[in-house]
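Enquirer: I am sharing protein.pdb, which consists of PDB, C-alpha atoms and all ligand atoms:
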```
ATOM      1  CA  MET A   1      14.803 -10.426  -3.248
ATOM      2  CA  LEU A   2      13.635  -9.434   0.227
ATOM      3  CA  LYS A   3      12.768 -12.448   2.353
ATOM      4  CA  VAL A   4      10.967 -12.143   5.669
ATOM      5  CA  GLU A   5      10.871 -15.556   7.327
ATOM      6  CA  ASN A   6       8.838 -16.454  10.420
ATOM      7  CA  VAL A   7       9.540 -13.133  12.076
ATOM      8  CA  THR A   8       8.199 -12.435  15.563
ATOM      9  CA  LYS A   9       8.663  -9.246  17.580
ATOM     10  CA  TYR A  10       7.687  -8.620  21.186
ATOM     11  CA  TYR A  11       7.610  -5.291  23.020
ATOM     12  CA  GLY A  12       7.888  -6.582  26.586
ATOM     13  CA  ASP A  13       5.140  -9.225  26.828
ATOM     14  CA  PHE A  14       3.209  -7.803  23.905
ATOM     15  CA  LYS A  15       3.522  -9.627  20.582
ATOM     16  CA  ALA A  16       3.465  -6.903  17.903
ATOM     17  CA  VAL A  17       4.440  -9.170  14.968
ATOM     18  CA  ASP A  18       3.550 -12.845  15.035
ATOM     19  CA  ASN A  19       5.386 -15.364  12.838
ATOM     20  CA  LEU A  20       5.225 -13.229   9.702
ATOM     21  CA  SER A  21       6.634 -14.446   6.372
ATOM     22  CA  PHE A  22       6.606 -12.895   2.893
ATOM     23  CA  ASP A  23       8.965 -12.115   0.081
ATOM     24  CA  VAL A  24       9.307  -9.319  -2.443
ATOM     25  CA  ASP A  25      11.052  -9.916  -5.742
ATOM     26  CA  SER A  26      12.997  -7.418  -7.796
ATOM     27  CA  GLY A  27      10.584  -5.175  -9.745
ATOM     28  CA  GLU A  28       7.639  -6.253  -7.586
ATOM     29  CA  ILE A  29       5.323  -3.994  -5.591
ATOM     30  CA  PHE A  30       4.161  -5.642  -2.380
ATOM     31  CA  GLY A  31       1.364  -4.344  -0.136
ATOM     32  CA  LEU A  32       1.749  -4.611   3.637
ATOM     33  CA  LEU A  33      -1.721  -3.840   4.908
ATOM     34  CA  GLY A  34      -3.488  -3.672   8.210
ATOM     35  CA  VAL A  35      -5.530  -1.436  10.477
ATOM     36  CA  ASN A  36      -3.814   0.935  12.935
ATOM     37  CA  GLY A  37      -1.552  -0.957  15.282
ATOM     38  CA  ALA A  38      -1.426  -4.105  13.129
ATOM     39  CA  GLY A  39       2.387  -4.202  13.112
ATOM     40  CA  LYS A  40       3.333  -2.561   9.801
ATOM     41  CA  THR A  41       5.763   0.052  11.164
ATOM     42  CA  THR A  42       7.342  -2.554  13.425
ATOM     43  CA  THR A  43       7.907  -4.741  10.357
ATOM     44  CA  PHE A  44       9.414  -1.826   8.407
ATOM     45  CA  ARG A  45      11.735  -1.037  11.309
ATOM     46  CA  MET A  46      12.908  -4.636  11.447
ATOM     47  CA  ILE A  47      13.569  -4.622   7.686
ATOM     48  CA  MET A  48      15.551  -1.381   8.087
ATOM     49  CA  ASN A  49      17.540  -3.060  10.849
ATOM     50  CA  LEU A  50      16.447  -0.372  13.322
ATOM     51  CA  ILE A  51      15.092  -3.019  15.682
ATOM     52  CA  GLU A  52      15.850  -6.750  15.939
ATOM     53  CA  PRO A  53      13.190  -9.461  15.679
ATOM     54  CA  ASN A  54      12.999 -11.861  18.635
ATOM     55  CA  SER A  55      12.914 -14.756  16.209
ATOM     56  CA  GLY A  56      12.935 -15.411  12.488
ATOM     57  CA  LYS A  57      15.126 -13.761   9.911
ATOM     58  CA  ILE A  58      15.103 -11.053   7.290
ATOM     59  CA  THR A  59      17.461 -11.147   4.299
ATOM     60  CA  PHE A  60      17.939  -9.167   1.116
ATOM     61  CA  ASN A  61      19.521 -11.096  -1.761
ATOM     62  CA  ASN A  62      20.345 -13.831   0.760
ATOM     63  CA  LYS A  63      22.292 -11.481   3.064
ATOM     64  CA  LYS A  64      21.342 -10.281   6.505
ATOM     65  CA  ILE A  65      20.491  -6.584   6.363
ATOM     66  CA  ASP A  66      23.375  -4.612   7.906
ATOM     67  CA  TYR A  67      24.717  -1.056   7.594
ATOM     68  CA  ASN A  68      26.171  -1.648   4.110
ATOM     69  CA  LEU A  69      22.886  -2.952   2.875
ATOM     70  CA  THR A  70      20.742  -0.189   4.416
ATOM     71  CA  ASP A  71      22.592   2.198   2.076
ATOM     72  CA  LYS A  72      20.688   0.414  -0.685
ATOM     73  CA  ILE A  73      17.288   0.797   0.990
ATOM     74  CA  GLY A  74      15.012   3.820   0.764
ATOM     75  CA  PHE A  75      12.419   4.480   3.477
ATOM     76  CA  LEU A  76       9.605   6.987   3.160
ATOM     77  CA  THR A  77       8.121   7.138   6.645
ATOM     78  CA  GLU A  78       4.584   8.129   7.447
ATOM     79  CA  GLU A  79       5.771  10.845   9.816
ATOM     80  CA  ARG A  80       7.588  13.772   8.255
ATOM     81  CA  SER A  81      11.263  13.362   9.014
ATOM     82  CA  LEU A  82      12.653  16.448   7.322
ATOM     83  CA  LEU A  83      15.093  18.867   8.863
ATOM     84  CA  THR A  84      12.819  21.793   8.160
ATOM     85  CA  LYS A  85      15.291  24.603   8.895
ATOM     86  CA  LEU A  86      17.605  23.392   6.141
ATOM     87  CA  THR A  87      17.214  24.138   2.453
ATOM     88  CA  VAL A  88      16.217  21.325   0.123
ATOM     89  CA  LYS A  89      19.799  21.079  -1.142
ATOM     90  CA  GLU A  90      21.305  21.027   2.375
ATOM     91  CA  GLN A  91      18.855  18.344   3.448
ATOM     92  CA  MET A  92      19.745  16.188   0.442
ATOM     93  CA  LEU A  93      23.488  16.585   1.034
ATOM     94  CA  PHE A  94      22.907  15.410   4.600
ATOM     95  CA  TYR A  95      20.739  12.411   3.650
ATOM     96  CA  GLY A  96      22.963  11.477   0.727
ATOM     97  CA  ALA A  97      26.045  11.498   2.958
ATOM     98  CA  LEU A  98      24.235   9.199   5.416
ATOM     99  CA  LYS A  99      23.793   6.814   2.478
ATOM    100  CA  SER A 100      27.540   7.044   1.682
ATOM    101  CA  LEU A 101      27.119   9.116  -1.505
ATOM    102  CA  ASP A 102      29.646  11.755  -2.574
ATOM    103  CA  GLU A 103      28.586  15.365  -3.068
ATOM    104  CA  ASP A 104      28.788  15.379  -6.874
ATOM    105  CA  THR A 105      26.560  12.321  -7.164
ATOM    106  CA  ILE A 106      24.021  13.767  -4.720
ATOM    107  CA  LEU A 107      23.810  17.116  -6.571
ATOM    108  CA  ARG A 108      23.587  15.475  -9.978
ATOM    109  CA  ARG A 109      20.775  13.151  -8.863
ATOM    110  CA  LEU A 110      19.051  15.961  -6.969
ATOM    111  CA  ASP A 111      18.805  18.169 -10.067
ATOM    112  CA  LYS A 112      17.301  15.312 -12.035
ATOM    113  CA  LEU A 113      14.811  14.415  -9.313
ATOM    114  CA  LEU A 114      13.765  18.014  -8.611
ATOM    115  CA  LYS A 115      13.008  18.345 -12.301
ATOM    116  CA  ARG A 116      11.086  15.054 -12.346
ATOM    117  CA  PHE A 117       9.002  16.239  -9.376
ATOM    118  CA  GLU A 118       8.572  19.700 -10.941
ATOM    119  CA  ILE A 119      10.090  21.589  -8.013
ATOM    120  CA  SER A 120      13.486  22.702  -9.377
ATOM    121  CA  GLU A 121      12.851  26.275  -8.226
ATOM    122  CA  TYR A 122      12.793  25.173  -4.560
ATOM    123  CA  LYS A 123      16.325  23.799  -4.409
ATOM    124  CA  ASP A 124      17.616  26.643  -2.219
ATOM    125  CA  ARG A 125      14.413  27.226  -0.288
ATOM    126  CA  LYS A 126      14.120  26.325   3.392
ATOM    127  CA  ILE A 127      11.907  23.266   3.781
ATOM    128  CA  ASN A 128       9.652  24.942   6.351
ATOM    129  CA  THR A 129       8.594  27.476   3.691
ATOM    130  CA  LEU A 130       7.289  24.764   1.359
ATOM    131  CA  SER A 131       3.693  23.539   1.137
ATOM    132  CA  LYS A 132       2.760  20.149   2.629
ATOM    133  CA  GLY A 133       2.650  18.501  -0.793
ATOM    134  CA  ASN A 134       6.054  19.898  -1.793
ATOM    135  CA  GLN A 135       7.534  18.747   1.532
ATOM    136  CA  GLN A 136       6.200  15.283   0.716
ATOM    137  CA  LYS A 137       7.987  15.484  -2.640
ATOM    138  CA  VAL A 138      11.237  16.429  -0.882
ATOM    139  CA  GLN A 139      10.763  13.539   1.524
ATOM    140  CA  PHE A 140      10.179  11.167  -1.384
ATOM    141  CA  ILE A 141      13.324  12.454  -3.121
ATOM    142  CA  SER A 142      15.360  11.836   0.057
ATOM    143  CA  ALA A 143      14.069   8.250   0.090
ATOM    144  CA  ILE A 144      15.264   7.591  -3.478
ATOM    145  CA  ILE A 145      18.388   9.775  -3.764
ATOM    146  CA  ASN A 146      20.433   6.602  -3.090
ATOM    147  CA  GLU A 147      18.716   4.817  -6.030
ATOM    148  CA  PRO A 148      17.531   2.080  -3.664
ATOM    149  CA  LYS A 149      17.214  -1.577  -4.569
ATOM    150  CA  LEU A 150      14.503  -1.893  -1.930
ATOM    151  CA  LEU A 151      12.073   0.959  -1.319
ATOM    152  CA  ILE A 152       9.650   1.122   1.599
ATOM    153  CA  LEU A 153       6.755   3.504   1.115
ATOM    154  CA  ASP A 154       4.586   4.099   4.176
ATOM    155  CA  GLU A 155       1.508   6.127   3.123
ATOM    156  CA  PRO A 156       3.358   7.832   0.250
ATOM    157  CA  PHE A 157       0.340   9.813  -0.932
ATOM    158  CA  SER A 158      -0.571  11.530   2.327
ATOM    159  CA  GLY A 159      -1.130  15.253   1.826
ATOM    160  CA  LEU A 160      -1.063  15.062  -1.975
ATOM    161  CA  ASP A 161      -3.636  16.413  -4.403
ATOM    162  CA  PRO A 162      -4.863  14.148  -7.251
ATOM    163  CA  ILE A 163      -2.420  15.658  -9.786
ATOM    164  CA  ASN A 164       0.548  14.951  -7.533
ATOM    165  CA  ILE A 165      -0.768  11.471  -6.705
ATOM    166  CA  GLU A 166      -0.530  10.774 -10.458
ATOM    167  CA  LEU A 167       3.012  12.139 -10.525
ATOM    168  CA  PHE A 168       4.099   9.958  -7.562
ATOM    169  CA  LYS A 169       2.407   6.944  -9.154
ATOM    170  CA  SER A 170       4.364   7.357 -12.370
ATOM    171  CA  VAL A 171       7.656   7.747 -10.484
ATOM    172  CA  ILE A 172       6.891   4.595  -8.448
ATOM    173  CA  LEU A 173       6.135   2.652 -11.627
ATOM    174  CA  GLU A 174       9.406   3.872 -13.203
ATOM    175  CA  LEU A 175      11.283   2.573 -10.149
ATOM    176  CA  LYS A 176       9.503  -0.768 -10.479
ATOM    177  CA  GLN A 177      10.481  -0.931 -14.163
ATOM    178  CA  LYS A 178      14.106  -0.401 -13.145
ATOM    179  CA  GLY A 179      13.857  -3.469 -10.896
ATOM    180  CA  THR A 180      13.401  -1.847  -7.473
ATOM    181  CA  SER A 181      11.597  -4.054  -4.946
ATOM    182  CA  ILE A 182       8.899  -1.896  -3.387
ATOM    183  CA  ILE A 183       6.886  -2.395  -0.197
ATOM    184  CA  PHE A 184       3.867  -0.204  -0.029
ATOM    185  CA  SER A 185       1.616   0.510   2.890
ATOM    186  CA  SER A 186      -1.548   2.539   2.817
ATOM    187  CA  HIS A 187      -4.969   2.687   4.388
ATOM    188  CA  ARG A 188      -6.369   3.599   0.991
ATOM    189  CA  MET A 189      -7.253   0.276  -0.610
ATOM    190  CA  ASP A 190      -7.977   1.911  -3.960
ATOM    191  CA  HIS A 191      -4.329   3.046  -4.054
ATOM    192  CA  VAL A 192      -3.100  -0.392  -3.052
ATOM    193  CA  GLU A 193      -5.239  -1.977  -5.730
ATOM    194  CA  LEU A 194      -3.646   0.210  -8.402
ATOM    195  CA  PHE A 195      -0.139  -0.930  -7.580
ATOM    196  CA  CYS A 196       0.287  -4.119  -5.676
ATOM    197  CA  GLU A 197       0.456  -7.475  -7.364
ATOM    198  CA  LYS A 198       0.989  -9.232  -4.064
ATOM    199  CA  LEU A 199      -0.022  -8.389  -0.522
ATOM    200  CA  VAL A 200      -0.461  -9.472   3.061
ATOM    201  CA  ILE A 201      -3.148  -8.281   5.463
ATOM    202  CA  LEU A 202      -2.052  -8.153   9.097
ATOM    203  CA  VAL A 203      -4.322  -8.311  12.098
ATOM    204  CA  LYS A 204      -2.630  -8.011  15.499
ATOM    205  CA  GLY A 205       0.714  -8.774  13.903
ATOM    206  CA  LYS A 206      -0.490 -11.948  12.197
ATOM    207  CA  SER A 207      -1.198 -12.551   8.515
ATOM    208  CA  VAL A 208      -4.902 -13.217   7.888
ATOM    209  CA  LEU A 209      -4.695 -13.137   4.090
ATOM    210  CA  GLU A 210      -1.792 -13.210   1.678
ATOM    211  CA  GLY A 211      -0.991 -13.849  -1.939
ATOM    212  CA  TYR A 212      -1.424 -12.363  -5.387
ATOM    213  CA  LEU A 213      -4.212  -9.825  -5.616
ATOM    214  CA  LYS A 214      -5.776 -11.445  -8.687
ATOM    215  CA  ASP A 215      -5.896 -14.844  -6.932
ATOM    216  CA  ILE A 216      -7.255 -13.302  -3.737
ATOM    217  CA  LYS A 217     -10.070 -11.720  -5.736
ATOM    218  CA  LYS A 218     -10.774 -14.868  -7.709
ATOM    219  CA  ASP A 219     -10.796 -17.060  -4.606
ATOM    220  CA  TYR A 220     -12.967 -14.714  -2.603
ATOM    221  CA  LYS A 221     -16.338 -16.364  -2.921
ATOM    222  CA  ILE A 222     -18.643 -13.431  -2.244
ATOM    223  CA  LYS A 223     -19.514 -11.608  -5.460
ATOM    224  CA  LYS A 224     -21.384  -8.423  -6.130
ATOM    225  CA  ILE A 225     -24.192  -7.877  -8.634
ATOM    226  CA  ILE A 226     -24.904  -4.345  -9.780
ATOM    227  CA  ILE A 227     -28.464  -3.743 -10.885
ATOM    228  CA  GLU A 228     -29.919  -0.577 -12.325
ATOM    229  CA  GLY A 229     -33.658  -0.417 -12.818
ATOM    230  CA  ASP A 230     -36.984  -1.065 -11.230
ATOM    231  CA  VAL A 231     -36.289  -3.639  -8.481
ATOM    232  CA  VAL A 232     -37.367  -3.774  -4.844
ATOM    233  CA  LYS A 233     -34.728  -3.971  -2.104
ATOM    234  CA  LYS A 234     -36.901  -6.119   0.185
ATOM    235  CA  ASP A 235     -37.582  -8.621  -2.631
ATOM    236  CA  LEU A 236     -33.851  -8.891  -3.389
ATOM    237  CA  GLU A 237     -33.052  -9.479   0.284
ATOM    238  CA  LYS A 238     -35.415 -12.483   0.376
ATOM    239  CA  ILE A 239     -33.641 -14.339  -2.440
ATOM    240  CA  GLU A 240     -31.659 -17.419  -1.400
ATOM    241  CA  GLY A 241     -27.913 -16.746  -1.382
ATOM    242  CA  VAL A 242     -28.227 -12.963  -1.035
ATOM    243  CA  ILE A 243     -26.187 -11.650   1.887
ATOM    244  CA  SER A 244     -26.970  -7.964   1.673
ATOM    245  CA  VAL A 245     -28.404  -5.310  -0.617
ATOM    246  CA  LEU A 246     -27.151  -1.765  -0.735
ATOM    247  CA  LYS A 247     -29.099   0.961  -2.500
ATOM    248  CA  THR A 248     -26.809   3.613  -3.936
ATOM    249  CA  ALA A 249     -27.771   6.814  -5.783
ATOM    250  CA  CYS A 250     -28.610   5.082  -9.051
ATOM    251  CA  SER A 251     -28.144   1.342  -8.546
ATOM    252  CA  TYR A 252     -28.454  -1.630  -6.225
ATOM    253  CA  GLU A 253     -25.419  -3.615  -5.071
ATOM    254  CA  VAL A 254     -26.364  -7.167  -4.200
ATOM    255  CA  ASN A 255     -23.801  -9.290  -2.373
ATOM    256  CA  ILE A 256     -24.244 -12.993  -2.995
ATOM    257  CA  ARG A 257     -22.698 -15.922  -1.155
ATOM    258  CA  ASP A 258     -21.033 -17.201  -4.317
ATOM    259  CA  GLU A 259     -21.349 -17.053  -8.080
ATOM    260  CA  SER A 260     -23.880 -19.914  -8.258
ATOM    261  CA  TYR A 261     -26.559 -17.734  -6.599
ATOM    262  CA  SER A 262     -26.473 -15.244  -9.447
ATOM    263  CA  LYS A 263     -29.109 -17.261 -11.303
ATOM    264  CA  ASN A 264     -31.588 -16.802  -8.406
ATOM    265  CA  VAL A 265     -31.153 -13.045  -8.582
ATOM    266  CA  PHE A 266     -31.393 -13.127 -12.358
ATOM    267  CA  GLU A 267     -34.675 -15.080 -12.209
ATOM    268  CA  TYR A 268     -36.133 -12.295 -10.067
ATOM    269  CA  VAL A 269     -34.744  -9.486 -12.230
ATOM    270  CA  LYS A 270     -36.303 -11.074 -15.326
ATOM    271  CA  THR A 271     -39.740 -10.513 -13.810
ATOM    272  CA  ARG A 272     -39.123  -6.753 -13.471
ATOM    273  CA  ASN A 273     -39.507  -4.028 -16.060
ATOM    274  CA  ASN A 274     -36.976  -1.402 -17.037
ATOM    275  CA  VAL A 275     -33.831  -3.133 -15.804
ATOM    276  CA  THR A 276     -31.025  -1.427 -17.740
ATOM    277  CA  LYS A 277     -28.011  -3.004 -16.081
ATOM    278  CA  TYR A 278     -27.169  -6.394 -14.543
ATOM    279  CA  VAL A 279     -23.485  -7.198 -14.050
ATOM    280  CA  MET A 280     -21.552  -9.375 -11.664
ATOM    281  CA  GLU A 281     -18.338  -7.841 -10.328
ATOM    282  CA  GLU A 282     -15.424  -9.062  -8.272
ATOM    283  CA  PRO A 283     -15.286  -7.525  -4.815
ATOM    284  CA  SER A 284     -12.998  -4.546  -4.287
ATOM    285  CA  LEU A 285      -9.916  -4.948  -2.121
ATOM    286  CA  GLU A 286     -11.574  -2.596   0.363
ATOM    287  CA  GLU A 287     -14.510  -5.021   0.748
ATOM    288  CA  ILE A 288     -12.199  -8.018   1.154
ATOM    289  CA  PHE A 289     -10.055  -6.108   3.647
ATOM    290  CA  VAL A 290     -13.051  -5.085   5.778
ATOM    291  CA  ALA A 291     -14.445  -8.642   5.703
ATOM    292  CA  LYS A 292     -11.124 -10.298   6.591
ATOM    293  CA  VAL A 293     -10.299  -7.873   9.396
ATOM    294  CA  GLY A 294     -13.877  -8.213  10.696
ATOM    295  CA  GLU A 295     -13.628 -12.031  10.659
ATOM    296  CA  ALA A 296     -10.330 -11.901  12.553
ATOM    297  CA  TYR A 297     -11.971  -9.751  15.226
ATOM    298  CA  GLY A 298     -14.909 -12.202  15.344
ATOM    299  CA  LYS A 299     -17.411  -9.685  13.898
TER     300      LYS A 299
HETATM  301  P1  LIG B 301      -0.338   2.419  12.155
HETATM  302  O1  LIG B 301      -1.127   2.023  10.948
HETATM  303  O2  LIG B 301      -1.190   3.085  13.188
HETATM  304  O3  LIG B 301       0.919   3.149  11.853
HETATM  305  P2  LIG B 301       1.126  -0.083  12.547
HETATM  306  O4  LIG B 301       0.484  -1.201  11.822
HETATM  307  O5  LIG B 301       2.294   0.561  11.918
HETATM  308  O6  LIG B 301       0.055   1.016  12.917
HETATM  309  P3  LIG B 301       2.920  -0.604  14.799
HETATM  310  O7  LIG B 301       3.333   0.811  14.965
HETATM  311  O8  LIG B 301       3.891  -1.557  14.207
HETATM  312  O9  LIG B 301       1.541  -0.679  13.988
HETATM  313  O10 LIG B 301       2.476  -1.145  16.229
HETATM  314  C1  LIG B 301       2.074  -2.481  16.463
HETATM  315  C2  LIG B 301       1.708  -2.620  17.939
HETATM  316  O11 LIG B 301       2.902  -2.530  18.726
HETATM  317  C3  LIG B 301       0.763  -1.532  18.455
HETATM  318  O12 LIG B 301      -0.148  -2.137  19.342
HETATM  319  C4  LIG B 301       1.681  -0.566  19.172
HETATM  320  O13 LIG B 301       1.011   0.068  20.238
HETATM  321  C5  LIG B 301       2.784  -1.493  19.691
HETATM  322  N1  LIG B 301       4.087  -0.793  19.757
HETATM  323  C6  LIG B 301       4.725  -0.183  18.731
HETATM  324  N2  LIG B 301       5.919   0.315  19.140
HETATM  325  C7  LIG B 301       6.030   0.015  20.461
HETATM  326  C8  LIG B 301       7.041   0.224  21.456
HETATM  327  N3  LIG B 301       8.180   0.859  21.175
HETATM  328  N4  LIG B 301       6.801  -0.249  22.702
HETATM  329  C9  LIG B 301       5.665  -0.914  22.996
HETATM  330  N5  LIG B 301       4.687  -1.157  22.111
HETATM  331  C10 LIG B 301       4.851  -0.713  20.858
END
```
Mind turning this structure into structure tokens?

Expert:
Amino acid sequence: MLKVENVTKYYGDFKAVDNLSFDVDSGEIFGLLGVNGAGKTTTFRMIMNLIEPNSGKITFNNKKIDYNLTDKIGFLTEERSLLTKLTVKEQMLFYGALKSLDEDTILRRLDKLLKRFEISEYKDRKINTLSKGNQQKVQFISAIINEPKLLILDEPFSGLDPINIELFKSVILELKQKGTSIIFSSHRMDHVELFCEKLVILVKGKSVLEGYLKDIKKDYKIKKIIIEGDVVKKDLEKIEGVISVLKTACSYEVNIRDESYSKNVFEYVKTRNNVTKYVMEEPSLEEIFVAKVGEAYGK
């Protein structure tokens, strides 16, 4: 299990990470979320032992993360970090050696992974001749060639088409099944929602919301009612407990303060003709994220 305990990191006088704590169990996918500059990369770098926290501690299976342990961690960075003049095979031999793997093991795993990612034919191609999506696959393979126990994925789907997003998703879920602890960061909340059981939202280095996604959704009071039919936006907006009404192409989305106000909206809808849909939904993670970040910035 990865344990991050009360970690704080300053750059000079600037506090980039502020008393952050979370843990990620084996076989768990954890979301580290936040707007640009929230402190995610700084946290990843501290986990990878590339920079030291000023206070607090980070352990993996109760041990401080040192060089031996980083061999067991995979890190897919947001920036491309490929040696583009090398071939895929040369790159993997280099990365594998950095993770203390012998050549036979690297080549055996590489063949399997190239096949899994459907790019076996590119093994001897120079990386700079590959498409963006295929380079992302190579980068992903370099992050997991060491069969990591802890895998950090920073925007893993950037530059991928929907078919390849599906492929990456299934590989990530296979790794989870095998017991890998995975930390996942993305600005795409729909992707986060597909994967992460547990998450933390950072604002200016500080956690503003954390816990299991299903609890976060359940506890979040604001609910959404979707209505399709002959209703009037202005009438909906006047109902007690309604926060906002959004008219989309074929429906109305009514945000209410909490579940108990649904009956007020329903009373109104009953008076209208041709209402074909009335359902209450939980908010999306995107909506919760925007609301929580907004609150933290006093908006
Ligand atoms: P993004 O989503 O844009 O990648 P992030 O959440 O990863 O952002 P960090 O890169 O961790 O954010 O940066 C957190 C804060 O620390 C930012 O305000 C950034 O400007 C600052 N920062 C990061 N690295 C340094 C550094 N080496 N020296 C000084 N300040 C830094």

Enquirer: Just want the 7 Å neighbourhood of Lys224 of chain A, counted on only C-alpha atoms, with same-chain residues fewer than 5 positions away dropped. Output as number ranges by chain.

Expert: A: 253-256, 280-283

Enquirer: Using all atoms listed in the file, find the one residue out of A:Gln135, A:Tyr67, A:Leu213, A:Leu236 that sits nearest to Leu50 of chain A.

Expert: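 Distance minimum relative to Leu50 of chain A lands on A:Tyr67.
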
Enquirer: For the atom pair atom CA of Ile152 of chain A and atom P3 of ligand LIG 301 (chain B), what is the interatomic distance in Å to one decimal place?

Expert: 14.9 Å

Enquirer: Using all atoms listed in the file, determine which residues lie at most 12 Å from Lys233 of chain A, disregarding the query and same-chain residues fewer than 2 positions distant; provide the list as a PyMOL selection string.

Expert: chain A and resi 227-231+235-239+242+244-248+251-254+265+268-269

Enquirer: Which residues of chain A come within 9 Å of ligand LIG 301 (chain B), and what is each one's closest atom pair and distance in Å (one decimal), counting only C-alpha atoms and all ligand atoms, sorted by chain and residue number, as a tab-separated table?

Expert:
```
residue	atom	partner	partner_atom	distance
A:Lys9	CA	B:LIG301	O11	8.9
A:Tyr10	CA	B:LIG301	N5	8.1
A:Tyr11	CA	B:LIG301	C9	4.8
A:Gly12	CA	B:LIG301	C9	7.1
A:Phe14	CA	B:LIG301	N5	7.0
A:Lys15	CA	B:LIG301	O11	7.4
A:Ala16	CA	B:LIG301	O11	4.5
A:Val17	CA	B:LIG301	C1	7.3
A:Leu32	CA	B:LIG301	O4	9.0
A:Leu33	CA	B:LIG301	O4	7.7
A:Gly34	CA	B:LIG301	O4	5.9
A:Val35	CA	B:LIG301	O1	5.6
A:Asn36	CA	B:LIG301	O2	3.4
A:Gly37	CA	B:LIG301	O9	3.4
A:Ala38	CA	B:LIG301	O4	3.7
A:Gly39	CA	B:LIG301	O8	3.2
A:Lys40	CA	B:LIG301	O4	3.7
A:Thr41	CA	B:LIG301	O5	3.6
A:Thr42	CA	B:LIG301	O8	3.7
A:Thr43	CA	B:LIG301	O8	6.4
A:Phe44	CA	B:LIG301	O8	8.0
A:Arg45	CA	B:LIG301	O8	8.4
A:Glu78	CA	B:LIG301	O3	7.6
A:Asp154	CA	B:LIG301	O3	8.6
A:Ser185	CA	B:LIG301	O1	8.6
A:Ser186	CA	B:LIG301	O1	8.2
A:His187	CA	B:LIG301	O1	7.6
A:Leu202	CA	B:LIG301	O4	7.9
A:Val203	CA	B:LIG301	O4	8.6
A:Lys204	CA	B:LIG301	C1	7.3
A:Gly205	CA	B:LIG301	C1	6.9
```

Enquirer: I need the residue set behind the PyMOL selection byres (((chain A and resi 110-125) around 8) and not hetatm) for this file; please write it as number ranges by chain.

Expert: A: 87-89, 92, 106-109, 126-127, 129-130, 134, 137, 141, 145, 167

Enquirer: Measure the distance from atom CA of Met189 of chain A to atom CA of Glu286 of chain A in Å and round it to one decimal.

Expert: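 Interatomic distance here is 5.3 Å.
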
Enquirer: Kindly extract all protein, DNA and RNA residues lying within 6 Å of the coordinates (7.3, -14.5, 6.8) given in the file, considering all atoms listed in the file, and supply them as a ChimeraX atom specification.

Expert: /A:4-7,20-22

Enquirer: Separation of atom CA of Asp66 of chain A and atom CA of Leu150 of chain A, in Å?

Expert: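 Computed distance, atom CA of Asp66 of chain A to atom CA of Leu150 of chain A, equals 13.5 Å.
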
Enquirer: Restore N, CA, C and O atoms in segment 275-283 of chain A and list the result as a PDB file, in the frame of the given file.

Expert:
```pdb
ATOM      1  N   VAL A 275     -35.176  -2.886 -16.358  1.00  0.00           N
ATOM      2  CA  VAL A 275     -33.831  -3.133 -15.804  1.00  0.00           C
ATOM      3  C   VAL A 275     -32.812  -2.854 -16.915  1.00  0.00           C
ATOM      4  O   VAL A 275     -32.836  -3.488 -17.971  1.00  0.00           O
ATOM      5  N   THR A 276     -31.952  -1.854 -16.677  1.00  0.00           N
ATOM      6  CA  THR A 276     -31.025  -1.427 -17.740  1.00  0.00           C
ATOM      7  C   THR A 276     -29.618  -1.957 -17.525  1.00  0.00           C
ATOM      8  O   THR A 276     -28.778  -1.865 -18.408  1.00  0.00           O
ATOM      9  N   LYS A 277     -29.362  -2.484 -16.314  1.00  0.00           N
ATOM     10  CA  LYS A 277     -28.011  -3.004 -16.081  1.00  0.00           C
ATOM     11  C   LYS A 277     -28.067  -4.192 -15.124  1.00  0.00           C
ATOM     12  O   LYS A 277     -28.790  -4.147 -14.107  1.00  0.00           O
ATOM     13  N   TYR A 278     -27.302  -5.234 -15.442  1.00  0.00           N
ATOM     14  CA  TYR A 278     -27.169  -6.394 -14.543  1.00  0.00           C
ATOM     15  C   TYR A 278     -25.773  -6.962 -14.767  1.00  0.00           C
ATOM     16  O   TYR A 278     -25.515  -7.614 -15.770  1.00  0.00           O
ATOM     17  N   VAL A 279     -24.848  -6.655 -13.877  1.00  0.00           N
ATOM     18  CA  VAL A 279     -23.485  -7.198 -14.050  1.00  0.00           C
ATOM     19  C   VAL A 279     -22.953  -7.745 -12.732  1.00  0.00           C
ATOM     20  O   VAL A 279     -23.225  -7.204 -11.655  1.00  0.00           O
ATOM     21  N   MET A 280     -22.186  -8.814 -12.867  1.00  0.00           N
ATOM     22  CA  MET A 280     -21.552  -9.375 -11.664  1.00  0.00           C
ATOM     23  C   MET A 280     -20.109  -8.885 -11.621  1.00  0.00           C
ATOM     24  O   MET A 280     -19.403  -8.921 -12.630  1.00  0.00           O
ATOM     25  N   GLU A 281     -19.703  -8.373 -10.454  1.00  0.00           N
ATOM     26  CA  GLU A 281     -18.338  -7.841 -10.328  1.00  0.00           C
ATOM     27  C   GLU A 281     -17.589  -8.586  -9.248  1.00  0.00           C
ATOM     28  O   GLU A 281     -18.184  -9.120  -8.308  1.00  0.00           O
ATOM     29  N   GLU A 282     -16.240  -8.537  -9.366  1.00  0.00           N
ATOM     30  CA  GLU A 282     -15.424  -9.062  -8.272  1.00  0.00           C
ATOM     31  C   GLU A 282     -15.459  -8.044  -7.136  1.00  0.00           C
ATOM     32  O   GLU A 282     -15.632  -6.852  -7.379  1.00  0.00           O
ATOM     33  N   PRO A 283     -15.279  -8.484  -5.917  1.00  0.00           N
ATOM     34  CA  PRO A 283     -15.286  -7.525  -4.815  1.00  0.00           C
ATOM     35  C   PRO A 283     -14.065  -6.616  -4.902  1.00  0.00           C
ATOM     36  O   PRO A 283     -13.043  -6.991  -5.468  1.00  0.00           O
TER      37      PRO A 283
END
```
